[in-house]
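Structure, as structure tokens:
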Amino acid sequence: MEIIRVRGLDVGYGTTVILRGLDFDVLKGRITVIVGESGSGKSSLMKTMIGLLPPLRGEVSLAGERIDFSSERDLHKLYRRIGVLYQTGALLNSLTLFENIALPIRMHHRDWPREKTAGRVRDMLERVGLHEHDDKYPFELSGGMRKRAALARAMVLDPDLIFCDEPSSGLDPITSSGLDELLNELRTAHGVTFVVVTHELRSIARIADQILVIRDEAILFAGEYADIPACPDPYIQAFFLRKAEP
Ligand SMILES: Nc1ncnc2c1ncn2[C@@H]1O[C@H](COP(=O)(O)OP(=O)(O)OP(=O)(O)O)[C@@H](O)[C@H]1O
Ligand SMILES: [Mg+2]
């Protein structure tokens with residue numbers, strides 16, 4: 001069953017259209033991977049799905065309800081339900097790791113007592129293996145630690161839908177595979193739905209249930225990982241059959 005339904009969607013900025021006529025579903029409890037060249041519009045598409053960029057045309061529905069992008073109420077409902085790991089990480093350098101992770105709770109659950117917030121933040125830090133670094137500032141962390149911290153923040157409101165824009169770019173293979181394991185575990189054990197932008201073939205092979213390939217302003221391929229070998233398109237073959245870096 002789908003949790004997000006996209007129909008006739010044009011994505012772009014002002015008069016510039018980046019993507020045209022997209023139709024696809026994001027399946028509940030599965031990991032959907034978005035693939036495409038740099039500048040093809042992956043982050044822009046994600047911005048539309050998380051309510052930051054209104055569609056130029058077409059519609060996006062969440063759990064069967066069409067999102068009205070001009071409605072504060074609809075957008076708040078969306079923000080409350082999703083977690084986002086931004087391409088740039090987007091942790092605040094003036095706050096400790098603990099405070100960064102606590103921020104969404106302070107925004108959305110003002111009534112939570114201090115101890116409940118602290119417990120929740122500690123759980124999240126533990127889950128991503130950063131519990132011993134809660135008083136560090138983001139600039140004191142390595143790139144991989146910052147990515148894991150951003151994932152902890154994306155998870156802290158216990159969302160059933162998490163968006164990750166290139167979560168493993170710039171990470172070494174071992175850290176990257178640890179992150180994939182975490183995503184797989186959240187999907188399998190907690191039923192979390194993921195939309196993940198990534199270029200890493202090994203990562204795609206490990207996590208993808210469904211793949212969307214963006215090419216020339218449209219979706220060139222939508223399907224399961226297992227369908228790729230049978231896809232006759234030469235671009236798809238060239239993309240997925242390039243050897244995973246050793
Ligand atoms: N805020 C913006 N205003 C106008 N144009 C934008 C804006 N953000 C992105 N674009 C343009 O939209 C196009 C797609 O950019 P986008 O960031 O979505 O690509 P991407 O597929 O995520 O690329 P990458 O793999 O490098 O992250 C680019 O041509 C970019 O210049
Ligand atoms: Mg991007």
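Chain labels A, B, ... are given in the sequence in which chains occur in the structure tokens; within each chain residues are numbered consecutively from 1, and ligands are likewise numbered from 1 in the order shown.
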
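The protein and nucleic acid residues lying at most 10 Å from Ser176 in chain A are Gly144, Lys147, Arg148, Pro167, Ser168, Ser169, Gly170, Leu171, Glu181, Leu182, Glu200, Arg202 and Ser203 of chain A, with only C-alpha atoms considered and sequence neighbours fewer than 5 positions away removed.
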
Just C-alpha atoms for this one: save the residues we selected as a CSV table (one decimal), in the first residue's frame.
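Written out: selection_6.csv:
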```csv
chain,number,residue,atom,x,y,z
A,144,GLY,CA,30.2,10.2,9.5
A,147,LYS,CA,25.4,12.1,9.3
A,148,ARG,CA,24.5,9.7,12.1
A,167,PRO,CA,23.0,9.8,3.8
A,168,SER,CA,26.1,7.9,2.9
A,169,SER,CA,27.9,10.3,0.6
A,170,GLY,CA,31.4,11.0,1.8
A,171,LEU,CA,31.4,8.1,4.2
A,181,GLU,CA,21.9,-1.6,8.4
A,182,LEU,CA,20.3,1.0,10.6
A,200,GLU,CA,26.1,4.3,-4.1
A,202,ARG,CA,26.4,-1.1,-2.9
A,203,SER,CA,24.0,0.9,-0.8
```

| task | Find the residues around range 72-89 of chain A up to 9 Å (only C-alpha atoms counted), leave out those fewer than 3 positions away in its own chain, and share them as a VMD selection string. | result | chain A and resid 43 50 to 52 62 67 to 69 108 146 to 147 149 to 167 169 197

Just the selected residues (C-alpha atoms), exported as a PDB file, in the first residue's frame, please.
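Result went into out.pdb, see below:
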```pdb
ATOM      1  CA  SER A  43      16.713  17.117  -3.903  1.00  0.00           C
ATOM      2  CA  ILE A  50       8.436  17.253   2.422  1.00  0.00           C
ATOM      3  CA  GLY A  51       6.313  20.344   1.786  1.00  0.00           C
ATOM      4  CA  LEU A  52       9.125  22.874   1.264  1.00  0.00           C
ATOM      5  CA  LEU A  62      -0.069  11.664   2.141  1.00  0.00           C
ATOM      6  CA  ILE A  67      -1.712  17.981   0.613  1.00  0.00           C
ATOM      7  CA  ASP A  68      -2.770  21.588   0.203  1.00  0.00           C
ATOM      8  CA  PHE A  69       0.616  23.333   0.047  1.00  0.00           C
ATOM      9  CA  HIS A 108       6.502  19.847  18.569  1.00  0.00           C
ATOM     10  CA  ARG A 146      27.443  14.225  11.763  1.00  0.00           C
ATOM     11  CA  LYS A 147      25.429  12.076   9.318  1.00  0.00           C
ATOM     12  CA  ALA A 149      23.571  12.610  14.343  1.00  0.00           C
ATOM     13  CA  ALA A 150      21.360  13.996  11.582  1.00  0.00           C
ATOM     14  CA  LEU A 151      19.673  10.591  11.333  1.00  0.00           C
ATOM     15  CA  ALA A 152      19.114  10.584  15.113  1.00  0.00           C
ATOM     16  CA  ARG A 153      17.457  13.979  14.791  1.00  0.00           C
ATOM     17  CA  ALA A 154      15.325  12.763  11.871  1.00  0.00           C
ATOM     18  CA  MET A 155      14.118   9.845  14.030  1.00  0.00           C
ATOM     19  CA  VAL A 156      13.520  11.652  17.295  1.00  0.00           C
ATOM     20  CA  LEU A 157       9.793  12.327  16.832  1.00  0.00           C
ATOM     21  CA  ASP A 158       9.306   8.656  15.969  1.00  0.00           C
ATOM     22  CA  PRO A 159       8.159   9.370  12.408  1.00  0.00           C
ATOM     23  CA  ASP A 160       6.702   6.654  10.225  1.00  0.00           C
ATOM     24  CA  LEU A 161       8.260   8.277   7.169  1.00  0.00           C
ATOM     25  CA  ILE A 162      11.915   9.337   6.860  1.00  0.00           C
ATOM     26  CA  PHE A 163      13.558  11.164   3.958  1.00  0.00           C
ATOM     27  CA  CYS A 164      17.342  10.917   3.546  1.00  0.00           C
ATOM     28  CA  ASP A 165      19.194  12.968   0.941  1.00  0.00           C
ATOM     29  CA  GLU A 166      22.503  11.188   0.250  1.00  0.00           C
ATOM     30  CA  PRO A 167      22.961   9.817   3.770  1.00  0.00           C
ATOM     31  CA  SER A 169      27.927  10.285   0.563  1.00  0.00           C
ATOM     32  CA  VAL A 197      18.519   9.650  -2.482  1.00  0.00           C
TER      33      VAL A 197
END
```

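Those residues of range 162-194 of chain A that DSSP, working from the backbone, places in alpha helix (DSSP H) are Pro173, Ile174, Thr175, Ser176, Ser177, Gly178, Leu179, Asp180, Glu181, Leu182, Leu183, Asn184, Glu185, Leu186, Arg187, Thr188, Ala189 and His190 of chain A.
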
Keeping C-alpha atoms, export the residues of the selection given above as a compact mmCIF listing (two decimals), in the first residue's frame.
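The resulting file, part18.txt, is shown below:
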```txt
# COMPACT_ATOMS: atom_id res chain seq x y z
CA PRO A 173 32.36 1.83 3.24
CA ILE A 174 32.14 0.49 6.79
CA THR A 175 30.38 3.53 8.24
CA SER A 176 28.17 3.59 5.18
CA SER A 177 27.19 -0.06 5.56
CA GLY A 178 26.42 0.57 9.25
CA LEU A 179 24.04 3.33 8.22
CA ASP A 180 22.35 1.01 5.72
CA GLU A 181 21.93 -1.62 8.43
CA LEU A 182 20.28 0.98 10.63
CA LEU A 183 17.83 1.92 7.85
CA ASN A 184 17.07 -1.74 7.16
CA GLU A 185 16.48 -2.39 10.85
CA LEU A 186 14.13 0.58 11.21
CA ARG A 187 12.21 -0.59 8.18
CA THR A 188 12.01 -4.22 9.21
CA ALA A 189 11.61 -3.93 12.98
CA HIS A 190 9.65 -0.67 13.19
```

| query | Got a sec: who's within 12 Å of His131 in chain A, counting only C-alpha atoms, leaving out chain neighbours fewer than 4 positions off, as a ChimeraX atom specification? | reply | /A:97-98,101,118-127,135-136,145,148-149,152

| message | Measuring between only C-alpha atoms, which one of A:Val60, A:Ile219, A:Ala238, A:Ile18 shows the shortest distance to Gly41 in chain A? | response | A:Ile18

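If you look at CA of Ser71 in chain A and CA of Met107 in chain A, they are 18.9 Å away from each other.
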
| task | List all protein, DNA and RNA residues that have an atom no more than 10 Å from any atom of ligand 1, counting only C-alpha atoms and all ligand atoms, and report them as a ChimeraX atom specification. | result | /A:11-19,34-47,53,87-88,165-166,197-199,214-215,217

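The closest residue to ligand 2, picked from A:Ile211, A:Val196, A:Leu220, A:Ile204 and counting only C-alpha atoms and all ligand atoms, is A:Val196.
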
| message | Among range 3-243 of chain A, which ones does DSSP assign to strand (DSSP E) (computed from the backbone)? Answer as a PyMOL selection string. | response | chain A and resi 3-13+16-27+31-36+57-62+65-66+82-85+161-165+193-197+210-215+218-224

Prev. selection, C-alpha atoms, output as a tab-separated table (two decimals), in the first residue's frame:
```tsv
chain	number	residue	atom	x	y	z
A	3	ILE	CA	1.84	6.16	1.89
A	4	ILE	CA	2.70	8.88	-0.64
A	5	ARG	CA	0.99	9.18	-3.98
A	6	VAL	CA	2.35	11.56	-6.61
A	7	ARG	CA	0.27	12.33	-9.72
A	8	GLY	CA	0.99	14.59	-12.68
A	9	LEU	CA	3.64	16.40	-10.68
A	10	ASP	CA	5.76	19.18	-12.15
A	11	VAL	CA	8.62	20.31	-9.91
A	12	GLY	CA	10.56	23.52	-10.41
A	13	TYR	CA	11.25	27.07	-9.39
A	16	THR	CA	11.79	26.89	-14.57
A	17	VAL	CA	10.47	23.33	-14.72
A	18	ILE	CA	12.95	20.72	-13.50
A	19	LEU	CA	10.73	17.60	-13.53
A	20	ARG	CA	7.53	17.03	-15.53
A	21	GLY	CA	4.49	14.83	-15.20
A	22	LEU	CA	5.75	12.51	-12.46
A	23	ASP	CA	3.49	9.65	-11.37
A	24	PHE	CA	4.66	7.32	-8.65
A	25	ASP	CA	3.81	5.84	-5.27
A	26	VAL	CA	6.00	5.47	-2.20
A	27	LEU	CA	5.10	2.15	-0.60
A	31	ILE	CA	12.66	1.77	1.18
A	32	THR	CA	12.29	3.77	-2.03
A	33	VAL	CA	15.57	4.91	-3.55
A	34	ILE	CA	15.77	7.90	-5.90
A	35	VAL	CA	18.64	7.86	-8.36
A	36	GLY	CA	19.74	10.37	-11.01
A	57	ARG	CA	1.41	21.33	-11.25
A	58	GLY	CA	-0.13	18.10	-10.08
A	59	GLU	CA	-0.66	16.67	-6.65
A	60	VAL	CA	0.98	14.93	-3.73
A	61	SER	CA	-1.11	12.89	-1.27
A	62	LEU	CA	-0.07	11.66	2.14
A	65	GLU	CA	-5.19	12.90	1.64
A	66	ARG	CA	-4.12	15.45	-0.91
A	82	ILE	CA	8.10	12.95	8.83
A	83	GLY	CA	11.81	12.99	9.64
A	84	VAL	CA	14.35	14.49	7.25
A	85	LEU	CA	18.08	13.98	6.87
A	161	LEU	CA	8.26	8.28	7.17
A	162	ILE	CA	11.92	9.34	6.86
A	163	PHE	CA	13.56	11.16	3.96
A	164	CYS	CA	17.34	10.92	3.55
A	165	ASP	CA	19.19	12.97	0.94
A	193	THR	CA	9.01	4.01	5.34
A	194	PHE	CA	12.10	5.58	3.75
A	195	VAL	CA	12.73	7.73	0.72
A	196	VAL	CA	16.49	7.79	0.13
A	197	VAL	CA	18.52	9.65	-2.48
A	210	GLN	CA	11.76	0.20	-4.97
A	211	ILE	CA	13.90	2.34	-7.28
A	212	LEU	CA	13.04	5.53	-9.16
A	213	VAL	CA	15.54	6.67	-11.77
A	214	ILE	CA	15.25	10.30	-12.87
A	215	ARG	CA	16.47	11.19	-16.35
A	218	ALA	CA	11.08	12.42	-16.00
A	219	ILE	CA	11.08	9.02	-14.35
A	220	LEU	CA	12.92	6.66	-16.67
A	221	PHE	CA	12.54	3.59	-14.47
A	222	ALA	CA	10.31	2.72	-11.55
A	223	GLY	CA	10.39	-0.75	-10.15
A	224	GLU	CA	11.95	-3.25	-7.86
```

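Reported to one decimal place, the separation of CA of Met1 in chain A from CA of Gly64 in chain A is 10.4 Å.
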
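Across the structure, CA of Asp209 in chain A and CA of Gly29 in chain A are spaced 9.7 Å apart.
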